[in-house]
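This is data_8.txt (compact mmCIF, C-alpha atoms).
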# COMPACT_ATOMS: atom_id res chain seq x y z
CA MET R 171 40.48 -43.05 21.37
CA ASN R 172 38.94 -45.81 23.51
CA SER R 173 35.69 -47.56 22.66
CA ARG R 174 33.75 -45.77 25.43
CA ALA R 175 34.70 -42.39 23.99
CA LYS R 176 33.61 -43.53 20.54
CA LYS R 177 30.25 -44.69 21.87
CA GLY R 178 29.70 -41.36 23.64
CA ALA R 179 30.49 -39.28 20.55
CA PHE R 180 27.62 -40.67 18.47
CA PRO R 181 24.73 -39.46 20.70
CA VAL R 182 26.39 -36.05 20.98
CA THR R 183 26.58 -35.77 17.18
CA ILE R 184 22.92 -36.77 16.91
CA SER R 185 21.99 -34.13 19.48
CA ILE R 186 23.86 -31.40 17.59
CA ARG R 187 22.24 -32.36 14.31
CA ALA R 188 18.82 -32.43 15.94
CA ALA R 189 19.38 -28.97 17.42
CA LEU R 190 20.48 -27.61 14.04
CA LEU R 191 17.41 -29.15 12.40
CA ILE R 192 15.16 -27.53 14.99
CA CYS R 193 16.79 -24.14 14.32
CA VAL R 194 16.35 -24.53 10.55
CA LEU R 195 12.70 -25.47 11.01
CA ALA R 196 12.16 -22.51 13.32
CA VAL R 197 13.67 -20.13 10.75
CA ALA R 198 11.57 -21.69 7.98
CA ILE R 199 8.39 -21.27 10.05
CA ALA R 200 9.30 -17.64 10.76
CA VAL R 201 9.90 -16.98 7.04
CA LEU R 202 6.58 -18.60 6.14
CA ALA R 203 4.86 -16.47 8.79
CA GLN R 204 6.31 -13.35 7.15
CA ASP R 205 4.84 -14.30 3.78
CA LYS R 206 1.24 -13.81 4.88
CA ASN R 207 -0.22 -10.62 6.27
CA PRO R 208 -2.40 -11.50 9.28
CA PHE R 209 -4.28 -8.19 8.87
CA ALA R 210 -4.96 -8.40 5.12
CA GLY R 211 -8.16 -6.50 4.29
CA ASN R 212 -8.66 -5.35 7.90
CA ALA R 213 -9.87 -1.73 7.78
CA GLU R 214 -9.01 -1.06 11.42
CA ALA R 215 -5.48 -2.37 10.92
CA ALA R 216 -5.16 -0.12 7.86
CA LYS R 217 -6.03 2.91 10.00
CA LEU R 218 -3.40 1.92 12.57
CA GLY R 219 -0.97 1.35 9.72
CA GLU R 220 -1.62 4.83 8.36
CA PHE R 221 -0.68 6.25 11.77
CA GLN R 222 2.58 4.26 11.78
CA PHE R 223 3.23 5.24 8.17
CA ARG R 224 2.93 8.94 8.96
CA ILE R 225 5.44 8.57 11.80
CA ASN R 226 7.96 6.25 10.16
CA CYS R 227 7.54 6.42 6.39
CA ALA R 228 5.89 9.64 5.19
CA PHE R 229 9.11 11.63 5.56
CA CYS R 230 10.50 9.87 2.47
CA HIS R 231 7.41 8.38 0.80
CA GLY R 232 5.09 11.35 1.26
CA LEU R 233 1.68 11.63 2.84
CA GLY R 234 -0.65 9.19 1.17
CA ALA R 235 2.36 7.03 0.14
CA ARG R 236 2.50 8.76 -3.25
CA GLY R 237 6.24 9.27 -3.23
CA GLY R 238 8.66 12.00 -2.29
CA GLY R 239 12.17 13.13 -3.15
CA ARG R 240 13.74 10.19 -1.34
CA GLY R 241 11.21 7.37 -1.42
CA PRO R 242 9.19 5.88 -4.30
CA ASP R 243 5.46 6.06 -4.88
CA LEU R 244 4.01 3.06 -3.00
CA THR R 245 0.51 3.35 -4.41
CA ARG R 246 1.67 1.60 -7.57
CA ALA R 247 1.08 -2.13 -7.86
CA GLN R 248 4.61 -2.64 -9.13
CA LYS R 249 7.20 -2.22 -6.35
CA ARG R 250 10.89 -1.92 -7.08
CA HIS R 251 12.02 -4.38 -4.40
CA GLY R 252 9.20 -6.92 -4.59
CA ASN R 253 5.42 -6.91 -4.76
CA SER R 254 4.33 -9.66 -2.36
CA ASP R 255 3.43 -9.05 1.27
CA GLY R 256 6.46 -11.08 2.34
CA GLU R 257 8.80 -9.00 0.19
CA LEU R 258 7.28 -5.78 1.51
CA PHE R 259 7.75 -7.03 5.06
CA THR R 260 11.42 -7.79 4.39
CA THR R 261 11.99 -4.40 2.74
CA ILE R 262 10.39 -2.48 5.61
CA ASN R 263 11.84 -4.61 8.38
CA GLN R 264 15.40 -4.99 7.09
CA GLY R 265 15.76 -2.00 4.78
CA VAL R 266 17.53 -2.05 1.42
CA PRO R 267 21.35 -2.02 1.60
CA GLY R 268 22.98 0.62 -0.59
CA THR R 269 19.88 2.83 -0.66
CA ALA R 270 18.27 5.46 1.58
CA MET R 271 15.81 2.84 2.87
CA PRO R 272 16.83 2.00 6.49
CA PRO R 273 15.75 -0.99 8.61
CA ASN R 274 12.49 -0.08 10.32
CA GLY R 275 11.95 -3.22 12.39
CA THR R 276 12.82 -3.42 16.08
CA THR R 277 15.63 -5.89 15.33
CA GLY R 278 15.18 -7.14 18.87
CA GLN R 279 16.41 -3.86 20.34
CA GLY R 280 13.08 -2.19 21.00
CA VAL R 281 13.76 0.57 18.45
CA GLY R 282 11.53 0.75 15.39
CA MET R 283 8.27 -0.91 14.49
CA THR R 284 7.16 -4.24 15.90
CA GLU R 285 6.26 -7.07 13.54
CA GLU R 286 2.58 -6.30 14.11
CA GLU R 287 3.10 -2.62 13.25
CA VAL R 288 4.98 -3.50 10.05
CA TRP R 289 2.05 -5.67 8.96
CA GLN R 290 -0.33 -2.83 9.75
CA VAL R 291 1.72 -0.50 7.54
CA ILE R 292 1.57 -3.07 4.73
CA THR R 293 -2.21 -3.27 5.21
CA TYR R 294 -2.38 0.51 4.85
CA ILE R 295 -0.21 0.45 1.71
CA ARG R 296 -2.49 -2.17 0.18
CA SER R 297 -5.52 -0.01 1.00
CA VAL R 298 -4.18 2.93 -1.03
CA GLN R 299 -2.50 0.88 -3.73
CA LEU R 300 -3.82 1.03 -7.26
CA LYS R 301 -5.57 -2.17 -8.22
CA ALA R 302 -3.62 -2.54 -11.45
CA PRO R 303 -0.32 -1.18 -12.76
CA ALA R 304 -0.89 2.34 -14.03
CA GLN R 305 -0.40 2.62 -17.76
CA PRO R 306 1.43 5.79 -18.78
CA ALA R 307 -1.12 8.16 -20.31
CA GLY R 308 1.38 9.73 -22.67
CA ASP R 309 3.64 8.59 -25.50
CA ALA R 310 6.97 7.61 -23.93
CA VAL R 311 8.77 7.39 -27.28
CA HIS R 312 7.76 10.94 -28.19
CA GLY R 313 8.55 12.06 -24.64
CA LYS R 314 12.10 10.76 -24.96
CA LYS R 315 12.56 12.73 -28.19
CA LEU R 316 11.31 15.87 -26.44
CA PHE R 317 13.49 15.28 -23.37
CA TYR R 318 16.66 15.08 -25.45
CA GLY R 319 15.42 17.44 -28.17
CA ASP R 320 13.08 20.41 -28.38
CA ALA R 321 12.19 20.59 -24.68
CA ASN R 322 15.93 20.57 -23.85
CA CYS R 323 15.41 18.83 -20.48
CA SER R 324 18.70 16.98 -20.97
CA GLY R 325 20.55 20.30 -20.98
CA CYS R 326 20.36 20.23 -17.18
CA HIS R 327 19.03 16.78 -16.25
CA MET R 328 20.51 13.32 -16.69
CA VAL R 329 18.66 10.05 -17.35
CA GLU R 330 20.59 6.78 -17.26
CA GLY R 331 23.93 8.58 -17.52
CA LYS R 332 22.99 10.78 -20.48
CA GLY R 333 22.37 14.50 -20.11
CA GLY R 334 23.41 17.48 -18.00
CA ARG R 335 24.46 17.76 -14.35
CA LEU R 336 23.13 21.17 -13.34
CA GLY R 337 19.80 19.73 -12.15
CA PRO R 338 18.84 16.50 -10.36
CA ASP R 339 19.36 13.12 -12.02
CA LEU R 340 15.87 12.05 -13.17
CA THR R 341 16.58 8.38 -13.83
CA ALA R 342 14.47 7.22 -10.89
CA VAL R 343 12.04 10.13 -10.60
CA GLY R 344 9.32 8.30 -12.54
CA MET R 345 9.15 5.68 -9.80
CA ALA R 346 9.91 8.00 -6.89
CA ARG R 347 7.26 10.63 -7.51
CA ALA R 348 3.64 10.67 -8.56
CA ARG R 349 2.65 12.01 -12.00
CA ASP R 350 1.03 15.15 -10.53
CA ALA R 351 4.19 15.93 -8.54
CA ILE R 352 6.38 15.68 -11.64
CA VAL R 353 4.04 17.94 -13.61
CA ASP R 354 4.00 20.46 -10.77
CA SER R 355 7.81 20.53 -10.57
CA VAL R 356 7.92 21.44 -14.27
CA ARG R 357 5.18 24.07 -14.10
CA ASN R 358 6.32 25.48 -10.73
CA PRO R 359 10.02 24.59 -10.32
CA SER R 360 10.58 26.85 -7.30
CA ARG R 361 7.62 25.59 -5.26
CA ARG R 362 9.63 22.93 -3.43
CA LEU R 363 12.48 25.36 -2.82
CA ALA R 364 10.24 27.69 -0.82
CA PRO R 365 11.82 29.69 2.04
CA GLY R 366 11.53 28.28 5.52
CA LEU R 367 11.98 24.60 4.68
CA LEU R 368 14.55 22.75 6.73
CA GLU R 369 17.35 20.96 4.90
CA ALA R 370 15.98 17.53 5.84
CA THR R 371 12.62 18.22 4.20
CA LYS R 372 13.83 19.57 0.88
CA GLU R 373 12.70 17.68 -2.18
CA PHE R 374 16.27 17.52 -3.46
CA PRO R 375 19.64 17.91 -1.70
CA GLN R 376 21.27 21.25 -0.96
CA GLU R 377 23.37 21.32 -4.14
CA TYR R 378 20.39 22.50 -6.20
CA GLU R 379 20.01 25.71 -4.23
CA THR R 380 20.68 28.75 -6.42
CA VAL R 381 23.67 30.87 -5.42
CA THR R 382 25.26 34.01 -6.90
CA VAL R 383 28.77 35.07 -5.92
CA VAL R 384 30.74 38.20 -6.74
CA THR R 385 34.53 37.85 -6.71
CA VAL R 386 36.92 40.56 -5.50
CA GLN R 387 37.53 41.37 -9.18
CA GLY R 388 33.82 42.11 -9.58
CA GLN R 389 32.97 39.00 -11.62
CA GLU R 390 29.45 37.67 -10.96
CA ILE R 391 28.94 33.91 -11.16
CA LYS R 392 25.54 32.25 -10.80
CA GLY R 393 24.94 28.56 -10.34
CA VAL R 394 23.92 25.86 -7.88
CA THR R 395 25.51 24.97 -4.57
CA MET R 396 27.33 21.64 -4.51
CA ASN R 397 29.14 21.72 -1.16
CA GLU R 398 29.48 24.34 1.53
CA ASP R 399 30.94 24.78 4.99
CA ASN R 400 31.75 27.78 7.17
CA PHE R 401 34.87 28.63 5.18
CA SER R 402 34.37 27.49 1.59
CA LEU R 403 31.76 27.18 -1.16
CA GLN R 404 31.75 24.79 -4.10
CA MET R 405 29.33 25.58 -6.89
CA MET R 406 28.53 24.64 -10.49
CA ASP R 407 27.68 27.39 -12.98
CA ALA R 408 25.23 27.18 -15.90
CA SER R 409 27.96 25.84 -18.21
CA GLU R 410 28.66 23.02 -15.69
CA GLN R 411 32.02 24.48 -14.72
CA ILE R 412 32.80 23.79 -11.05
CA HIS R 413 34.21 26.59 -8.86
CA LEU R 414 35.69 26.42 -5.37
CA PHE R 415 35.85 29.65 -3.39
CA GLU R 416 37.14 30.69 0.01
CA LYS R 417 34.30 32.72 1.47
CA ASP R 418 36.46 35.42 3.02
CA LYS R 419 37.89 36.14 -0.43
CA LEU R 420 34.52 36.83 -2.05
CA ARG R 421 32.91 40.24 -2.26
CA SER R 422 29.43 38.79 -1.74
CA ILE R 423 27.40 35.57 -1.60
CA LYS R 424 23.67 35.61 -2.29
CA LYS R 425 21.44 32.57 -1.85
CA SER R 426 18.08 32.24 -3.56
CA ARG R 427 15.19 29.83 -3.22
CA THR R 428 14.24 30.55 -6.82
CA SER R 429 15.17 27.59 -8.98
CA MET R 430 17.46 28.08 -11.95
CA MET R 431 15.06 25.87 -13.90
CA PRO R 432 12.83 28.00 -16.16
CA ILE R 433 9.06 27.90 -15.68
CA TYR R 434 7.61 25.68 -18.40
CA SER R 435 4.17 27.21 -18.92
CA ALA R 436 1.57 25.55 -21.12
CA THR R 437 2.53 28.04 -23.84
CA LEU R 438 6.16 26.94 -23.74
CA LEU R 439 5.42 23.23 -23.27
CA SER R 440 1.93 21.94 -24.03
CA ASP R 441 0.06 19.65 -21.64
CA LYS R 442 0.25 16.85 -24.23
CA ASP R 443 4.02 17.19 -24.64
CA LEU R 444 4.54 17.33 -20.88
CA GLN R 445 2.38 14.22 -20.51
CA ASP R 446 4.64 12.45 -23.01
CA ILE R 447 7.79 13.48 -21.11
CA VAL R 448 6.30 12.19 -17.85
CA ALA R 449 5.43 8.91 -19.60
CA PHE R 450 9.08 8.63 -20.69
CA LEU R 451 10.35 9.26 -17.15
CA GLN R 452 7.91 6.71 -15.75
CA SER R 453 8.98 4.13 -18.32
CA VAL R 454 12.59 4.57 -17.21
CA GLY R 455 11.90 4.80 -13.49
CA GLY R 456 9.75 1.66 -13.53
CA LYS R 457 12.53 -0.57 -14.84
Rewritten as structure tokens:
Amino acid sequence: MNSRAKKGAFPVTISIRAALLICVLAVAIAVLAQDKNPFAGNAEAAKLGEFQFRINCAFCHGLGARGGGRGPDLTRAQKRHGNSDGELFTTINQGVPGTAMPPNGTTGQGVGMTEEEVWQVITYIRSVQLKAPAQPAGDAVHGKKLFYGDANCSGCHMVEGKGGRLGPDLTAVGMARARDAIVDSVRNPSRRLAPGLLEATKEFPQEYETVTVVTVQGQEIKGVTMNEDNFSLQMMDASEQIHLFEKDKLRSIKKSRTSMMPIYSATLLSDKDLQDIVAFLQSVGGK
């Protein structure tokens, strides 16, 4: 390489480094900008954010941000994926890989919420958020004993890998749903399986729909749907045995929107004991 070429290479290297430095600074400024909500405490922005929330977020997080079957209760001060405004912005904008939380930002493609709209949603969430972490009202230790003991919740439900499979896994339900919603699902287990709801709006997936089949031999089997298509049905019975049937070889198939979960009235399970079980589920779900 001649001396002229060597002299020319140095300014080029400087230019590349300068350009890279400018890019790094630009990214750093953008990150810093995402750490602070420009609409913090703005009541009008909170109203606009509520509108965006209803369109983009309520499907999973429920009206009022109090949680649903798919998304956690956002009125709590403690958030699973970060509590700061910047962390909330990242979660909403980019989503959470490996979960049901999708990216909601425009990502430069014009689809989704703008940066301003994301901040408005965060302003709304802050406006409905509890001012301090809610302390479980019940006794979580006693609730755990009831869950795995006298109340027999673990006969159908699993928490952290321990328990039954006939009902939904409740490991995360304490974070995903508000206290009142959990209580209601125990007192009125069929309410969220009411007729007329579309699949996408069910509280839990299709596999918890009650189904009764009668085989050609006349045997009746009752359980919950696990998988189904036009030709076959997979179900789990009350003893957790899994069956796979070809529909054209069954005598009958009857679906029901009545949950297999028994109704736990106050006589069967006192308000105090139910409060303790909810406290246990919240202690697990908040981890």
- Distance criterion (all atoms listed in the file): nearest to R:Asp243 out of R:Asn274, R:Ser422, R:Gln299, R:Gln290: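 Smallest distance to R:Asp243 is found for R:Gln299.
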- Task: Extract, using all atoms listed in the file, all DNA, RNA and protein residues at most 8 Å from R:Tyr434, discarding same-chain residues fewer than 5 positions from it, and format them as number ranges by chain.
- Result: R: 356-358, 439
- Note on the structure: Among R:Lys332, R:Arg246, R:His251, R:Lys315, R:Gln452 is approached most closely, using all atoms listed in the file, by R:Arg246
- Work out how far apart atom CA of R:Met283 and atom CA of R:Val298 are and give it in Å to one decimal. 20.3 Å
- Message: Neighbouring residues of stretch 389-392 of chain R were defined as those with any atom within 12 Å, considering all atoms listed in the file; residues of the same chain fewer than 4 positions away were excluded. Please report them as a VMD selection string.
- Response: chain R and resid 336 378 to 385 404 to 415 420 to 426 429 to 430
Restricted to C-alpha atoms, what would the selected residues look like written as a compact mmCIF listing (two decimals), in the frame of the given file?
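That gives us selection15.txt:
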# COMPACT_ATOMS: atom_id res chain seq x y z
CA LEU R 336 23.13 21.17 -13.34
CA TYR R 378 20.39 22.50 -6.20
CA GLU R 379 20.01 25.71 -4.23
CA THR R 380 20.68 28.75 -6.42
CA VAL R 381 23.67 30.87 -5.42
CA THR R 382 25.26 34.01 -6.90
CA VAL R 383 28.77 35.07 -5.92
CA VAL R 384 30.74 38.20 -6.74
CA THR R 385 34.53 37.85 -6.71
CA GLN R 404 31.75 24.79 -4.10
CA MET R 405 29.33 25.58 -6.89
CA MET R 406 28.53 24.64 -10.49
CA ASP R 407 27.68 27.39 -12.98
CA ALA R 408 25.23 27.18 -15.90
CA SER R 409 27.96 25.84 -18.21
CA GLU R 410 28.66 23.02 -15.69
CA GLN R 411 32.02 24.48 -14.72
CA ILE R 412 32.80 23.79 -11.05
CA HIS R 413 34.21 26.59 -8.86
CA LEU R 414 35.69 26.42 -5.37
CA PHE R 415 35.85 29.65 -3.39
CA LEU R 420 34.52 36.83 -2.05
CA ARG R 421 32.91 40.24 -2.26
CA SER R 422 29.43 38.79 -1.74
CA ILE R 423 27.40 35.57 -1.60
CA LYS R 424 23.67 35.61 -2.29
CA LYS R 425 21.44 32.57 -1.85
CA SER R 426 18.08 32.24 -3.56
CA SER R 429 15.17 27.59 -8.98
CA MET R 430 17.46 28.08 -11.95
- Task: Using all atoms listed in the file, find the one residue out of R:Ala449, R:Val454, R:Leu444, R:Val329 that sits nearest to R:Ala307.
- Result: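 Nearest to R:Ala307: R:Ala449.
Among the candidates R:Ala321, R:Val386, R:Met271, R:Val353, the one nearest to R:His231 when counting all atoms listed in the file is R:Met271.
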- The distance between atom CA of R:Gly265 and atom CA of R:Leu300 is 23.2 Å
- Task: Could you tell me how far atom CA of R:Val394 lies from atom CA of R:Met328, in Å and to one decimal?
- Result: 15.7 Å
- Query: Smallest atom-to-atom distance to R:Val448: which of R:Gly282, R:Gly275, R:Gly313, R:Pro242, using all atoms listed in the file?
  - Reply: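 Distance minimum relative to R:Val448 lands on R:Gly313.
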- Residue neighbourhood R:Cys227, 10 Å, all atoms listed in the file, exclusion window fewer than 4 positions, as an MDAnalysis selection string: chainID R and resid 220:223 231:233 235 241 262 271 274 291
Residues around (13.9, 1.2, -18.2), cut-off 12 Å, counting all atoms listed in the file - what are they as a PDB file with C-alpha atoms, in the coordinates of the input?
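This went into out_4.pdb:
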ATOM      1  CA  ARG R 250      10.890  -1.920  -7.080  1.00  0.00           C
ATOM      2  CA  ALA R 310       6.970   7.610 -23.930  1.00  0.00           C
ATOM      3  CA  LYS R 314      12.100  10.760 -24.960  1.00  0.00           C
ATOM      4  CA  VAL R 329      18.660  10.050 -17.350  1.00  0.00           C
ATOM      5  CA  GLU R 330      20.590   6.780 -17.260  1.00  0.00           C
ATOM      6  CA  THR R 341      16.580   8.380 -13.830  1.00  0.00           C
ATOM      7  CA  ALA R 342      14.470   7.220 -10.890  1.00  0.00           C
ATOM      8  CA  VAL R 343      12.040  10.130 -10.600  1.00  0.00           C
ATOM      9  CA  GLY R 344       9.320   8.300 -12.540  1.00  0.00           C
ATOM     10  CA  MET R 345       9.150   5.680  -9.800  1.00  0.00           C
ATOM     11  CA  ALA R 449       5.430   8.910 -19.600  1.00  0.00           C
ATOM     12  CA  PHE R 450       9.080   8.630 -20.690  1.00  0.00           C
ATOM     13  CA  LEU R 451      10.350   9.260 -17.150  1.00  0.00           C
ATOM     14  CA  GLN R 452       7.910   6.710 -15.750  1.00  0.00           C
ATOM     15  CA  SER R 453       8.980   4.130 -18.320  1.00  0.00           C
ATOM     16  CA  VAL R 454      12.590   4.570 -17.210  1.00  0.00           C
ATOM     17  CA  GLY R 455      11.900   4.800 -13.490  1.00  0.00           C
ATOM     18  CA  GLY R 456       9.750   1.660 -13.530  1.00  0.00           C
ATOM     19  CA  LYS R 457      12.530  -0.570 -14.840  1.00  0.00           C
TER      20      LYS R 457
END
- Given all atoms listed in the file as the counted atoms, nearest of R:Asp350, R:Asp399, R:Asp320, R:Asp446 to R:Arg236: R:Asp350
